[in-house]
$ cat final_33.cif   # mmCIF, C-alpha atoms and all ligand atoms
data_final
#
loop_
_atom_site.label_atom_id
_atom_site.label_comp_id
_atom_site.auth_asym_id
_atom_site.auth_seq_id
_atom_site.Cartn_x
_atom_site.Cartn_y
_atom_site.Cartn_z
CA MET A 26 4.51 21.62 21.60
CA VAL A 27 7.66 23.45 20.59
CA ALA A 28 8.70 26.79 22.03
CA GLY A 29 10.03 29.47 19.68
CA ALA A 30 11.11 33.03 20.48
CA PHE A 31 10.46 35.82 17.97
CA ALA A 32 11.20 39.44 18.98
CA GLY A 33 10.94 38.54 22.63
CA VAL A 34 7.59 36.77 22.27
CA ILE A 35 7.45 33.10 23.21
CA LEU A 36 5.37 31.10 20.76
CA LEU A 37 4.05 27.66 21.49
CA VAL A 38 3.12 25.78 18.34
CA PRO A 39 2.34 22.11 17.86
CA ALA A 40 5.43 20.11 16.82
CA GLU A 41 3.58 18.98 13.68
CA SER A 42 3.26 22.58 12.50
CA VAL A 43 7.00 23.06 12.82
CA CYS A 44 7.54 20.02 10.62
CA ALA A 45 4.98 21.35 8.17
CA MET A 46 6.65 24.78 8.08
CA ALA A 47 10.01 23.18 7.37
CA ARG A 48 8.50 21.02 4.65
CA ARG A 49 8.52 21.85 0.99
CA ARG A 50 5.72 22.21 -1.43
CA GLN A 51 2.87 19.70 -1.38
CA ILE A 52 2.63 17.98 -4.76
CA TYR A 53 -0.38 15.73 -4.26
CA GLU A 54 -2.75 14.52 -1.55
CA GLY A 55 -4.34 11.11 -1.90
CA LYS A 56 -6.66 9.13 0.35
CA ALA A 57 -3.89 7.63 2.50
CA LYS A 58 -0.77 9.58 1.57
CA ILE A 59 0.59 13.02 0.82
CA LEU A 60 3.48 13.68 -1.56
CA TYR A 61 5.82 16.61 -0.91
CA GLU A 62 8.63 17.98 -3.00
CA GLY A 63 11.86 16.16 -2.08
CA PRO A 64 15.23 17.64 -1.10
CA GLU A 65 16.75 16.98 -4.54
CA PRO A 66 15.31 17.15 -8.05
CA GLY A 67 13.69 13.86 -8.99
CA THR A 68 12.83 12.99 -5.38
CA LEU A 69 9.62 13.24 -3.37
CA ILE A 70 8.69 12.73 0.27
CA GLN A 71 5.84 10.28 0.78
CA TYR A 72 3.89 10.95 3.99
CA PHE A 73 1.65 8.17 5.36
CA LYS A 74 -1.65 9.36 6.88
CA ASP A 75 -3.91 7.54 9.34
CA ASP A 76 -6.92 8.20 7.12
CA ALA A 77 -8.72 5.15 5.81
CA THR A 78 -11.25 5.01 3.01
CA ALA A 79 -13.13 2.18 1.38
CA PHE A 80 -15.66 1.62 -1.40
CA ASN A 81 -14.37 4.49 -3.48
CA ALA A 82 -14.17 6.80 -0.45
CA GLN A 83 -17.86 6.31 0.43
CA LYS A 84 -16.67 4.98 3.78
CA ARG A 85 -14.16 7.14 5.64
CA GLY A 86 -12.40 6.77 8.96
CA THR A 87 -9.15 6.96 10.85
CA ILE A 88 -7.02 4.07 11.99
CA ASN A 89 -4.75 5.52 14.69
CA GLY A 90 -1.11 4.76 13.96
CA LYS A 91 -1.83 3.15 10.57
CA GLY A 92 0.47 5.58 8.77
CA VAL A 93 3.40 4.72 11.02
CA LEU A 94 2.86 0.99 10.56
CA ASN A 95 2.35 1.21 6.78
CA ASN A 96 5.46 3.36 6.41
CA ARG A 97 7.50 0.73 8.25
CA ILE A 98 5.92 -2.31 6.56
CA SER A 99 6.23 -0.76 3.10
CA GLU A 100 9.86 0.19 3.77
CA HIS A 101 10.56 -3.43 4.75
CA VAL A 102 8.86 -4.97 1.70
CA PHE A 103 10.31 -2.48 -0.81
CA THR A 104 13.81 -2.96 0.65
CA LEU A 105 13.56 -6.75 0.33
CA LEU A 106 12.17 -6.45 -3.21
CA GLY A 107 15.04 -4.11 -4.07
CA ASN A 108 17.45 -6.71 -2.71
CA ILE A 109 16.14 -9.34 -5.14
CA GLY A 110 16.44 -6.93 -8.05
CA VAL A 111 12.95 -5.46 -8.39
CA PRO A 112 13.43 -1.76 -9.20
CA THR A 113 11.37 0.43 -6.85
CA HIS A 114 10.86 4.12 -6.12
CA PHE A 115 11.92 3.66 -2.47
CA ILE A 116 15.14 5.41 -1.40
CA ARG A 117 14.97 5.44 2.40
CA ARG A 118 12.66 5.98 5.34
CA LEU A 119 13.09 9.45 6.82
CA ASN A 120 11.06 9.22 10.01
CA MET A 121 7.97 7.57 11.51
CA ARG A 122 5.62 8.71 8.76
CA GLU A 123 7.78 9.73 5.82
CA GLN A 124 9.99 8.12 3.24
CA LEU A 125 12.14 9.53 0.48
CA ILE A 126 11.16 8.20 -2.95
CA ARG A 127 12.07 8.70 -6.59
CA GLN A 128 9.63 10.83 -8.54
CA VAL A 129 7.92 8.80 -11.25
CA GLU A 130 5.13 9.28 -13.73
CA ILE A 131 2.47 6.93 -12.40
CA VAL A 132 1.00 4.49 -14.93
CA PRO A 133 -2.78 4.98 -14.50
CA ILE A 134 -3.45 1.30 -13.84
CA GLU A 135 -3.91 -0.56 -10.57
CA VAL A 136 -2.44 -4.03 -10.97
CA ILE A 137 -4.31 -6.57 -8.84
CA VAL A 138 -2.60 -9.90 -8.21
CA ARG A 139 -4.76 -12.72 -6.84
CA ASN A 140 -3.89 -16.14 -5.42
CA VAL A 141 -7.16 -16.89 -3.64
CA ALA A 142 -10.70 -15.75 -4.51
CA ALA A 143 -11.91 -12.83 -2.38
CA GLY A 144 -13.42 -9.37 -2.61
CA THR A 145 -14.67 -8.13 -5.96
CA LEU A 146 -13.51 -11.28 -7.79
CA SER A 147 -15.69 -13.44 -5.54
CA LYS A 148 -18.65 -11.10 -6.06
CA ARG A 149 -18.17 -10.81 -9.81
CA LEU A 150 -17.81 -14.54 -10.51
CA GLY A 151 -19.78 -16.02 -7.62
CA LEU A 152 -16.70 -17.71 -6.14
CA GLU A 153 -16.67 -18.52 -2.45
CA GLU A 154 -14.10 -16.38 -0.64
CA GLY A 155 -11.05 -18.46 0.25
CA THR A 156 -11.19 -20.69 -2.86
CA PRO A 157 -7.61 -21.12 -4.09
CA LEU A 158 -7.26 -20.06 -7.73
CA PRO A 159 -5.90 -22.62 -10.20
CA ARG A 160 -3.23 -20.09 -11.19
CA THR A 161 -2.22 -16.59 -10.21
CA LEU A 162 -4.58 -14.07 -11.74
CA ILE A 163 -3.58 -10.54 -12.73
CA GLU A 164 -6.33 -7.97 -13.20
CA TYR A 165 -6.13 -4.30 -14.15
CA CYS A 166 -8.22 -1.36 -12.97
CA TYR A 167 -8.11 2.06 -14.57
CA LYS A 168 -7.04 4.57 -11.90
CA ASP A 169 -9.90 7.05 -11.84
CA ASP A 170 -11.63 7.85 -8.55
CA ALA A 171 -14.61 9.47 -10.28
CA LEU A 172 -15.24 6.22 -12.19
CA GLY A 173 -14.52 4.02 -9.16
CA ASP A 174 -11.33 2.48 -10.65
CA PRO A 175 -13.14 0.25 -13.18
CA LEU A 176 -11.81 -3.18 -14.16
CA VAL A 177 -10.29 -3.04 -17.64
CA ALA A 178 -8.80 -5.55 -20.10
CA GLU A 179 -5.34 -5.51 -21.66
CA GLU A 180 -7.07 -4.33 -24.84
CA HIS A 181 -8.25 -1.17 -23.07
CA ILE A 182 -4.72 -0.50 -21.87
CA ALA A 183 -3.40 -0.82 -25.43
CA CYS A 184 -6.33 1.02 -27.03
CA PHE A 185 -6.02 4.08 -24.79
CA ASN A 186 -2.22 3.81 -24.61
CA TRP A 187 -2.11 3.91 -20.81
CA CYS A 188 1.17 2.08 -21.22
CA SER A 189 3.06 0.45 -24.07
CA GLN A 190 3.10 -3.29 -24.75
CA ASP A 191 6.73 -3.48 -23.58
CA GLU A 192 5.88 -1.62 -20.39
CA LEU A 193 2.96 -3.96 -19.74
CA HIS A 194 5.25 -6.98 -20.16
CA ASP A 195 7.66 -5.50 -17.62
CA ILE A 196 4.75 -4.85 -15.26
CA GLN A 197 3.48 -8.43 -15.62
CA ASP A 198 6.94 -9.93 -15.06
CA MET A 199 7.49 -7.79 -11.98
CA ALA A 200 4.00 -8.50 -10.60
CA ILE A 201 4.59 -12.27 -10.80
CA ARG A 202 8.04 -11.93 -9.26
CA ILE A 203 6.71 -9.73 -6.46
CA ASN A 204 3.89 -12.20 -5.84
CA ASP A 205 6.28 -15.16 -5.63
CA PHE A 206 8.55 -13.31 -3.23
CA MET A 207 5.80 -11.90 -1.03
CA SER A 208 3.84 -15.18 -0.90
CA GLY A 209 6.96 -16.83 0.53
CA MET A 210 7.78 -13.96 2.84
CA PHE A 211 4.30 -13.97 4.37
CA ALA A 212 3.96 -17.78 4.40
CA ALA A 213 7.14 -17.90 6.49
CA VAL A 214 5.33 -15.93 9.21
CA GLY A 215 2.03 -17.81 8.97
CA ILE A 216 0.19 -15.39 6.69
CA ARG A 217 -1.59 -16.27 3.43
CA LEU A 218 -1.17 -13.63 0.73
CA VAL A 219 -4.66 -13.73 -0.77
CA ASP A 220 -4.38 -10.76 -3.14
CA PHE A 221 -2.83 -7.32 -3.40
CA LYS A 222 -2.66 -4.16 -5.46
CA LEU A 223 0.45 -2.72 -7.09
CA GLU A 224 1.17 0.56 -8.82
CA PHE A 225 4.00 1.23 -11.21
CA GLY A 226 5.62 4.37 -12.56
CA ARG A 227 7.97 5.56 -15.28
CA LEU A 228 11.40 6.67 -14.11
CA TYR A 229 12.83 9.03 -16.72
CA ASP A 230 16.46 9.25 -17.69
CA GLY A 231 16.55 11.91 -20.39
CA ASP A 232 14.27 10.75 -23.18
CA TYR A 233 14.22 7.19 -21.92
CA SER A 234 12.11 5.73 -19.17
CA ARG A 235 11.83 2.42 -17.38
CA ILE A 236 9.10 0.94 -15.28
CA ILE A 237 9.65 0.71 -11.52
CA LEU A 238 7.43 -0.29 -8.60
CA ALA A 239 5.81 2.73 -6.90
CA ASP A 240 3.21 3.58 -4.23
CA GLU A 241 3.27 1.30 -1.16
CA ILE A 242 2.81 -2.31 -0.12
CA SER A 243 0.99 -2.55 3.19
CA PRO A 244 -2.11 -4.14 4.75
CA ASP A 245 -4.09 -1.25 3.15
CA GLY A 246 -3.67 -2.80 -0.29
CA CYS A 247 -3.19 -6.50 0.47
CA ARG A 248 -5.46 -9.24 1.76
CA LEU A 249 -3.51 -11.05 4.46
CA TRP A 250 -5.11 -13.99 6.27
CA ASP A 251 -3.71 -15.89 9.21
CA MET A 252 -2.86 -19.33 7.81
CA ASN A 253 -4.29 -21.23 10.76
CA THR A 254 -7.38 -19.24 11.67
CA ASN A 255 -8.14 -17.32 8.44
CA GLU A 256 -8.31 -14.20 10.64
CA LYS A 257 -8.11 -11.11 8.41
CA LEU A 258 -5.01 -9.01 9.10
CA ASP A 259 -5.67 -6.22 6.61
CA LYS A 260 -7.93 -3.34 5.63
CA ASP A 261 -10.94 -5.65 5.25
CA ARG A 262 -11.24 -5.26 9.05
CA PHE A 263 -12.10 -1.61 8.37
CA ARG A 264 -14.06 -2.21 5.14
CA ARG A 265 -16.23 -4.87 6.79
CA ASP A 266 -16.54 -3.27 10.26
CA LEU A 267 -14.73 -6.16 11.94
CA GLY A 268 -12.83 -3.94 14.42
CA GLY A 269 -9.26 -4.53 15.57
CA GLU A 270 -7.68 -2.74 12.58
CA VAL A 271 -4.69 -1.38 14.48
CA GLU A 272 -4.06 -4.72 16.19
CA ALA A 273 -4.18 -6.49 12.82
CA TYR A 274 -1.69 -4.09 11.20
CA GLN A 275 0.53 -4.37 14.29
CA GLU A 276 0.40 -8.14 14.08
CA VAL A 277 1.60 -8.06 10.48
CA ALA A 278 4.46 -5.75 11.52
CA ARG A 279 5.24 -7.91 14.54
CA ARG A 280 5.41 -11.13 12.53
CA LEU A 281 7.70 -9.44 10.01
CA GLY A 282 9.98 -8.57 12.94
CA LEU A 283 9.29 -4.84 12.77
CA MET A 284 7.85 -4.26 16.25
CA PRO A 285 9.88 -3.89 19.43
CA GLU A 286 9.53 -7.14 21.33
CA GLY A 287 8.22 -7.18 24.86
CA GLY A 288 5.88 -4.16 24.72
CA ASP A 289 2.10 -4.17 24.90
CA ASN A 290 2.03 -4.49 21.16
CA ALA A 291 4.08 -7.66 21.09
CA VAL A 292 1.13 -10.03 21.24
CA LEU A 293 -1.98 -9.85 19.17
CA ASP A 294 -5.09 -11.62 20.19
CA LEU A 295 -8.00 -10.41 18.11
CA GLU A 296 -10.33 -12.75 19.99
CA THR A 297 -9.53 -10.97 23.26
CA HIS A 298 -9.73 -7.65 21.50
CA ARG A 299 -13.24 -8.41 20.29
CA LYS A 300 -14.33 -9.59 23.73
CA LYS A 301 -12.97 -6.38 25.29
CA LYS A 302 -14.97 -4.37 22.77
CA GLY A 303 -18.00 -6.52 23.47
CA SER A 304 -18.45 -7.54 19.85
P1 LIG A 401 -10.83 -6.06 -4.60
O1 LIG A 401 -10.85 -5.83 -6.08
O2 LIG A 401 -11.18 -7.47 -4.25
O3 LIG A 401 -11.62 -5.05 -3.83
O4 LIG A 401 -9.31 -5.82 -4.15
C1 LIG A 401 -8.28 -6.70 -4.53
C2 LIG A 401 -7.02 -6.33 -3.77
O5 LIG A 401 -6.51 -5.10 -4.23
C3 LIG A 401 -7.22 -6.18 -2.27
O6 LIG A 401 -6.07 -6.65 -1.60
C4 LIG A 401 -7.34 -4.68 -2.06
O7 LIG A 401 -6.81 -4.30 -0.82
C5 LIG A 401 -6.50 -4.13 -3.20
N1 LIG A 401 -7.07 -2.91 -3.77
C6 LIG A 401 -7.90 -2.78 -4.81
N2 LIG A 401 -8.21 -1.49 -5.04
C7 LIG A 401 -7.53 -0.79 -4.13
C8 LIG A 401 -7.43 0.62 -3.84
O8 LIG A 401 -8.01 1.48 -4.51
N3 LIG A 401 -6.65 0.96 -2.79
C9 LIG A 401 -5.99 0.03 -2.03
N4 LIG A 401 -5.26 0.45 -0.98
N5 LIG A 401 -6.06 -1.28 -2.27
C10 LIG A 401 -6.82 -1.69 -3.30
#
$ encode --input "final_33.cif" --output "structure tokens" --more "lines below"
Ligand code: 5GP
Amino acid sequence: MVAGAFAGVILLVPAESVCAMARRRQIYEGKAKILYEGPEPGTLIQYFKDDATAFNAQKRGTINGKGVLNNRISEHVFTLLGNIGVPTHFIRRLNMREQLIRQVEIVPIEVIVRNVAAGTLSKRLGLEEGTPLPRTLIEYCYKDDALGDPLVAEEHIACFNWCSQDELHDIQDMAIRINDFMSGMFAAVGIRLVDFKLEFGRLYDGDYSRIILADEISPDGCRLWDMNTNEKLDKDRFRRDLGGEVEAYQEVARRLGLMPEGGDNAVLDLETHRKKKGS
């Protein structure tokens, strides 16, 4: 609560409302994030919610603290990608749940990068989950909630001009580079990067635009498996009712060195967690 005095009357309002009052115009609300107008032209504020959805929003829930963890994990990954020369929309983290980003025109394609068979690829092609793929596979889904983000071919992208051929080449180059970097980053902390989703946007400079990485990279949009136990450390815990979502996200953050050491959160043991929950 925050106390405010107006004309001699003491008002007690939740701290969140004060933040909301100070905030600028809401531009967009998605399933896991809200975008607000930024402090300068060409910038936005990306707010990470705790809301979780799956199966085209047919399953809905809340993962307490997810927004805080995703904000921090995404900041970390985008900063490292920026350091190796991948252009991204990330400018800086503002607070626990918000980051300042560059405003882009989102390319309406979800880029899925896969190293190991899982999820819809396993279902579609009858591949056992966990089967390593002979080479990295890039798939594209058309971003349309009403249609359930259908899988599309490069020909669809060209036919409907969702992006130009040059833009698609840039996207493919960046996706491979991001995959190489992230596979190493996660392998170094005992995590297998099974697959993940990327989104890209056009950053305009006058009449010209270039493609940069947008959205977020977090356990919401990646499959992350413990290398030794194959324990899932990602949103599949929510999608598949496995429990321990928060602990899994915390474990990813902890292994990346993003959690304060020594606290209750410093050790993850999903086995114990499950036993405690009686499942
Ligand atoms: P699949 O196609 O197997 O469901 O997902 C492949 C990968 O892309 C998974 O890591 C999954 O988390 C991610 N992914 C696919 N679609 C979405 C989406 O709409 N939102 C998010 N957050 N991740 C997605």
$ closest_residue --input "final_33.cif" --among "A:Ala143, A:Ile182, A:Ile237, A:Ile59" --to "ligand LIG 401 (chain A)" --atoms "only C-alpha atoms and all ligand atoms"
A:Ala143
$ closest_residue --input "final_33.cif" --among "A:Ile70, A:Ile196, A:Ile52, A:Met207" --to "Arg117 in chain A" --atoms "only C-alpha atoms"
A:Ile70
$ residues_near_ligand --input "final_33.cif" --ligand "ligand LIG 401 (chain A)" --cutoff "9 Å" --atoms "all atoms listed in the file" --output "VMD selection string"
chain A and resid 56 to 57 77 to 81 135 to 139 142 to 148 164 166 168 170 173 to 174 176 218 to 223 241 to 249 259 to 261
$ write_last_selection --input "final_33.cif" --atoms "C-alpha atoms" --output "compact mmCIF listing (two decimals), keeping the file's coordinate frame"
# COMPACT_ATOMS: atom_id res chain seq x y z
CA LYS A 56 -6.66 9.13 0.35
CA ALA A 57 -3.89 7.63 2.50
CA ALA A 77 -8.72 5.15 5.81
CA THR A 78 -11.25 5.01 3.01
CA ALA A 79 -13.13 2.18 1.38
CA PHE A 80 -15.66 1.62 -1.40
CA ASN A 81 -14.37 4.49 -3.48
CA GLU A 135 -3.91 -0.56 -10.57
CA VAL A 136 -2.44 -4.03 -10.97
CA ILE A 137 -4.31 -6.57 -8.84
CA VAL A 138 -2.60 -9.90 -8.21
CA ARG A 139 -4.76 -12.72 -6.84
CA ALA A 142 -10.70 -15.75 -4.51
CA ALA A 143 -11.91 -12.83 -2.38
CA GLY A 144 -13.42 -9.37 -2.61
CA THR A 145 -14.67 -8.13 -5.96
CA LEU A 146 -13.51 -11.28 -7.79
CA SER A 147 -15.69 -13.44 -5.54
CA LYS A 148 -18.65 -11.10 -6.06
CA GLU A 164 -6.33 -7.97 -13.20
CA CYS A 166 -8.22 -1.36 -12.97
CA LYS A 168 -7.04 4.57 -11.90
CA ASP A 170 -11.63 7.85 -8.55
CA GLY A 173 -14.52 4.02 -9.16
CA ASP A 174 -11.33 2.48 -10.65
CA LEU A 176 -11.81 -3.18 -14.16
CA LEU A 218 -1.17 -13.63 0.73
CA VAL A 219 -4.66 -13.73 -0.77
CA ASP A 220 -4.38 -10.76 -3.14
CA PHE A 221 -2.83 -7.32 -3.40
CA LYS A 222 -2.66 -4.16 -5.46
CA LEU A 223 0.45 -2.72 -7.09
CA GLU A 241 3.27 1.30 -1.16
CA ILE A 242 2.81 -2.31 -0.12
CA SER A 243 0.99 -2.55 3.19
CA PRO A 244 -2.11 -4.14 4.75
CA ASP A 245 -4.09 -1.25 3.15
CA GLY A 246 -3.67 -2.80 -0.29
CA CYS A 247 -3.19 -6.50 0.47
CA ARG A 248 -5.46 -9.24 1.76
CA LEU A 249 -3.51 -11.05 4.46
CA ASP A 259 -5.67 -6.22 6.61
CA LYS A 260 -7.93 -3.34 5.63
CA ASP A 261 -10.94 -5.65 5.25
$ atom_distance --input "final_33.cif" --atom1 "CA of Gly90 in chain A" --atom2 "CA of Glu123 in chain A"
13.0 Å
$ closest_residue --input "final_33.cif" --among "A:Ala239, A:Leu172, A:Tyr165, A:Glu153" --to "Gln71 in chain A" --atoms "all atoms listed in the file"
A:Ala239
$ closest_residue --input "final_33.cif" --among "A:Ile134, A:Leu158, A:Ile109, A:Leu283" --to "Glu179 in chain A" --atoms "only C-alpha atoms"
A:Ile134
$ closest_residue --input "final_33.cif" --among "A:Val177, A:Leu193, A:Ile131, A:Ala183" --to "Glu224 in chain A" --atoms "only C-alpha atoms"
A:Ile131
$ atom_distance --input "final_33.cif" --atom1 "CA of Asp195 in chain A" --atom2 "CA of Arg235 in chain A"
9.0 Å
$ atom_distance --input "final_33.cif" --atom1 "CA of Ile116 in chain A" --atom2 "CA of Arg49 in chain A"
17.9 Å
$ residues_near_point --input "final_33.cif" --point "(-2.7, -8.6, 11.6)" --cutoff "9 Å" --atoms "only C-alpha atoms" --output "NGL selection string"
:A and (216 or 244 or 249-251 or 256-259 or 269-280 or 293 or 295)
$ closest_residue --input "final_33.cif" --among "A:Pro133, A:Arg262, A:Pro64, A:Glu154" --to "Trp187 in chain A" --atoms "all atoms listed in the file"
A:Pro133
$ decode --input "final_33.cif" --residues "range 116-167 of chain A" --atoms "C-alpha atoms" --output "mmCIF file, in the first residue's frame"
data_model
loop_
_atom_site.group_PDB
_atom_site.id
_atom_site.type_symbol
_atom_site.label_atom_id
_atom_site.label_comp_id
_atom_site.auth_asym_id
_atom_site.auth_seq_id
_atom_site.Cartn_x
_atom_site.Cartn_y
_atom_site.Cartn_z
ATOM 1 C CA ILE A 116 17.637 -1.839 -24.301
ATOM 2 C CA ARG A 117 17.669 -2.425 -20.539
ATOM 3 C CA ARG A 118 15.725 -3.949 -17.676
ATOM 4 C CA LEU A 119 13.805 -1.312 -15.744
ATOM 5 C CA ASN A 120 12.588 -3.245 -12.725
ATOM 6 C CA MET A 121 11.462 -6.712 -11.612
ATOM 7 C CA ARG A 122 8.827 -7.074 -14.313
ATOM 8 C CA GLU A 123 9.618 -4.504 -16.977
ATOM 9 C CA GLN A 124 12.215 -3.888 -19.631
ATOM 10 C CA LEU A 125 12.741 -1.056 -22.067
ATOM 11 C CA ILE A 126 12.745 -2.233 -25.680
ATOM 12 C CA ARG A 127 12.921 -0.787 -29.179
ATOM 13 C CA GLN A 128 9.596 -0.593 -30.966
ATOM 14 C CA VAL A 129 9.550 -2.869 -34.000
ATOM 15 C CA GLU A 130 7.035 -4.058 -36.536
ATOM 16 C CA ILE A 131 6.678 -7.723 -35.660
ATOM 17 C CA VAL A 132 7.089 -10.165 -38.564
ATOM 18 C CA PRO A 133 3.974 -12.373 -38.267
ATOM 19 C CA ILE A 134 5.961 -15.613 -38.123
ATOM 20 C CA GLU A 135 7.004 -17.714 -35.150
ATOM 21 C CA VAL A 136 10.387 -19.233 -35.908
ATOM 22 C CA ILE A 137 10.789 -22.623 -34.227
ATOM 23 C CA VAL A 138 14.310 -24.013 -33.934
ATOM 24 C CA ARG A 139 14.646 -27.704 -33.049
ATOM 25 C CA ASN A 140 17.636 -29.823 -32.043
ATOM 26 C CA VAL A 141 15.781 -32.782 -30.543
ATOM 27 C CA ALA A 142 12.349 -34.190 -31.444
ATOM 28 C CA ALA A 143 9.607 -33.124 -29.030
ATOM 29 C CA GLY A 144 6.158 -31.555 -28.896
ATOM 30 C CA THR A 145 4.255 -31.037 -32.114
ATOM 31 C CA LEU A 146 7.129 -32.342 -34.273
ATOM 32 C CA SER A 147 7.047 -35.672 -32.430
ATOM 33 C CA LYS A 148 3.264 -35.861 -32.801
ATOM 34 C CA ARG A 149 3.251 -34.842 -36.452
ATOM 35 C CA LEU A 150 5.972 -37.244 -37.610
ATOM 36 C CA GLY A 151 5.630 -40.021 -35.035
ATOM 37 C CA LEU A 152 9.110 -39.407 -33.626
ATOM 38 C CA GLU A 153 9.843 -40.459 -30.079
ATOM 39 C CA GLU A 154 10.417 -37.416 -27.875
ATOM 40 C CA GLY A 155 14.111 -37.034 -27.100
ATOM 41 C CA THR A 156 15.348 -38.357 -30.469
ATOM 42 C CA PRO A 157 18.244 -36.126 -31.551
ATOM 43 C CA LEU A 158 17.625 -34.644 -35.001
ATOM 44 C CA PRO A 159 20.231 -35.301 -37.706
ATOM 45 C CA ARG A 160 20.485 -31.534 -38.221
ATOM 46 C CA THR A 161 18.953 -28.413 -36.756
ATOM 47 C CA LEU A 162 15.449 -27.930 -38.067
ATOM 48 C CA ILE A 163 13.800 -24.542 -38.543
ATOM 49 C CA GLU A 164 10.012 -24.424 -38.831
ATOM 50 C CA TYR A 165 7.681 -21.471 -39.289
ATOM 51 C CA CYS A 166 4.222 -20.859 -37.852
ATOM 52 C CA TYR A 167 1.945 -18.060 -38.996
#
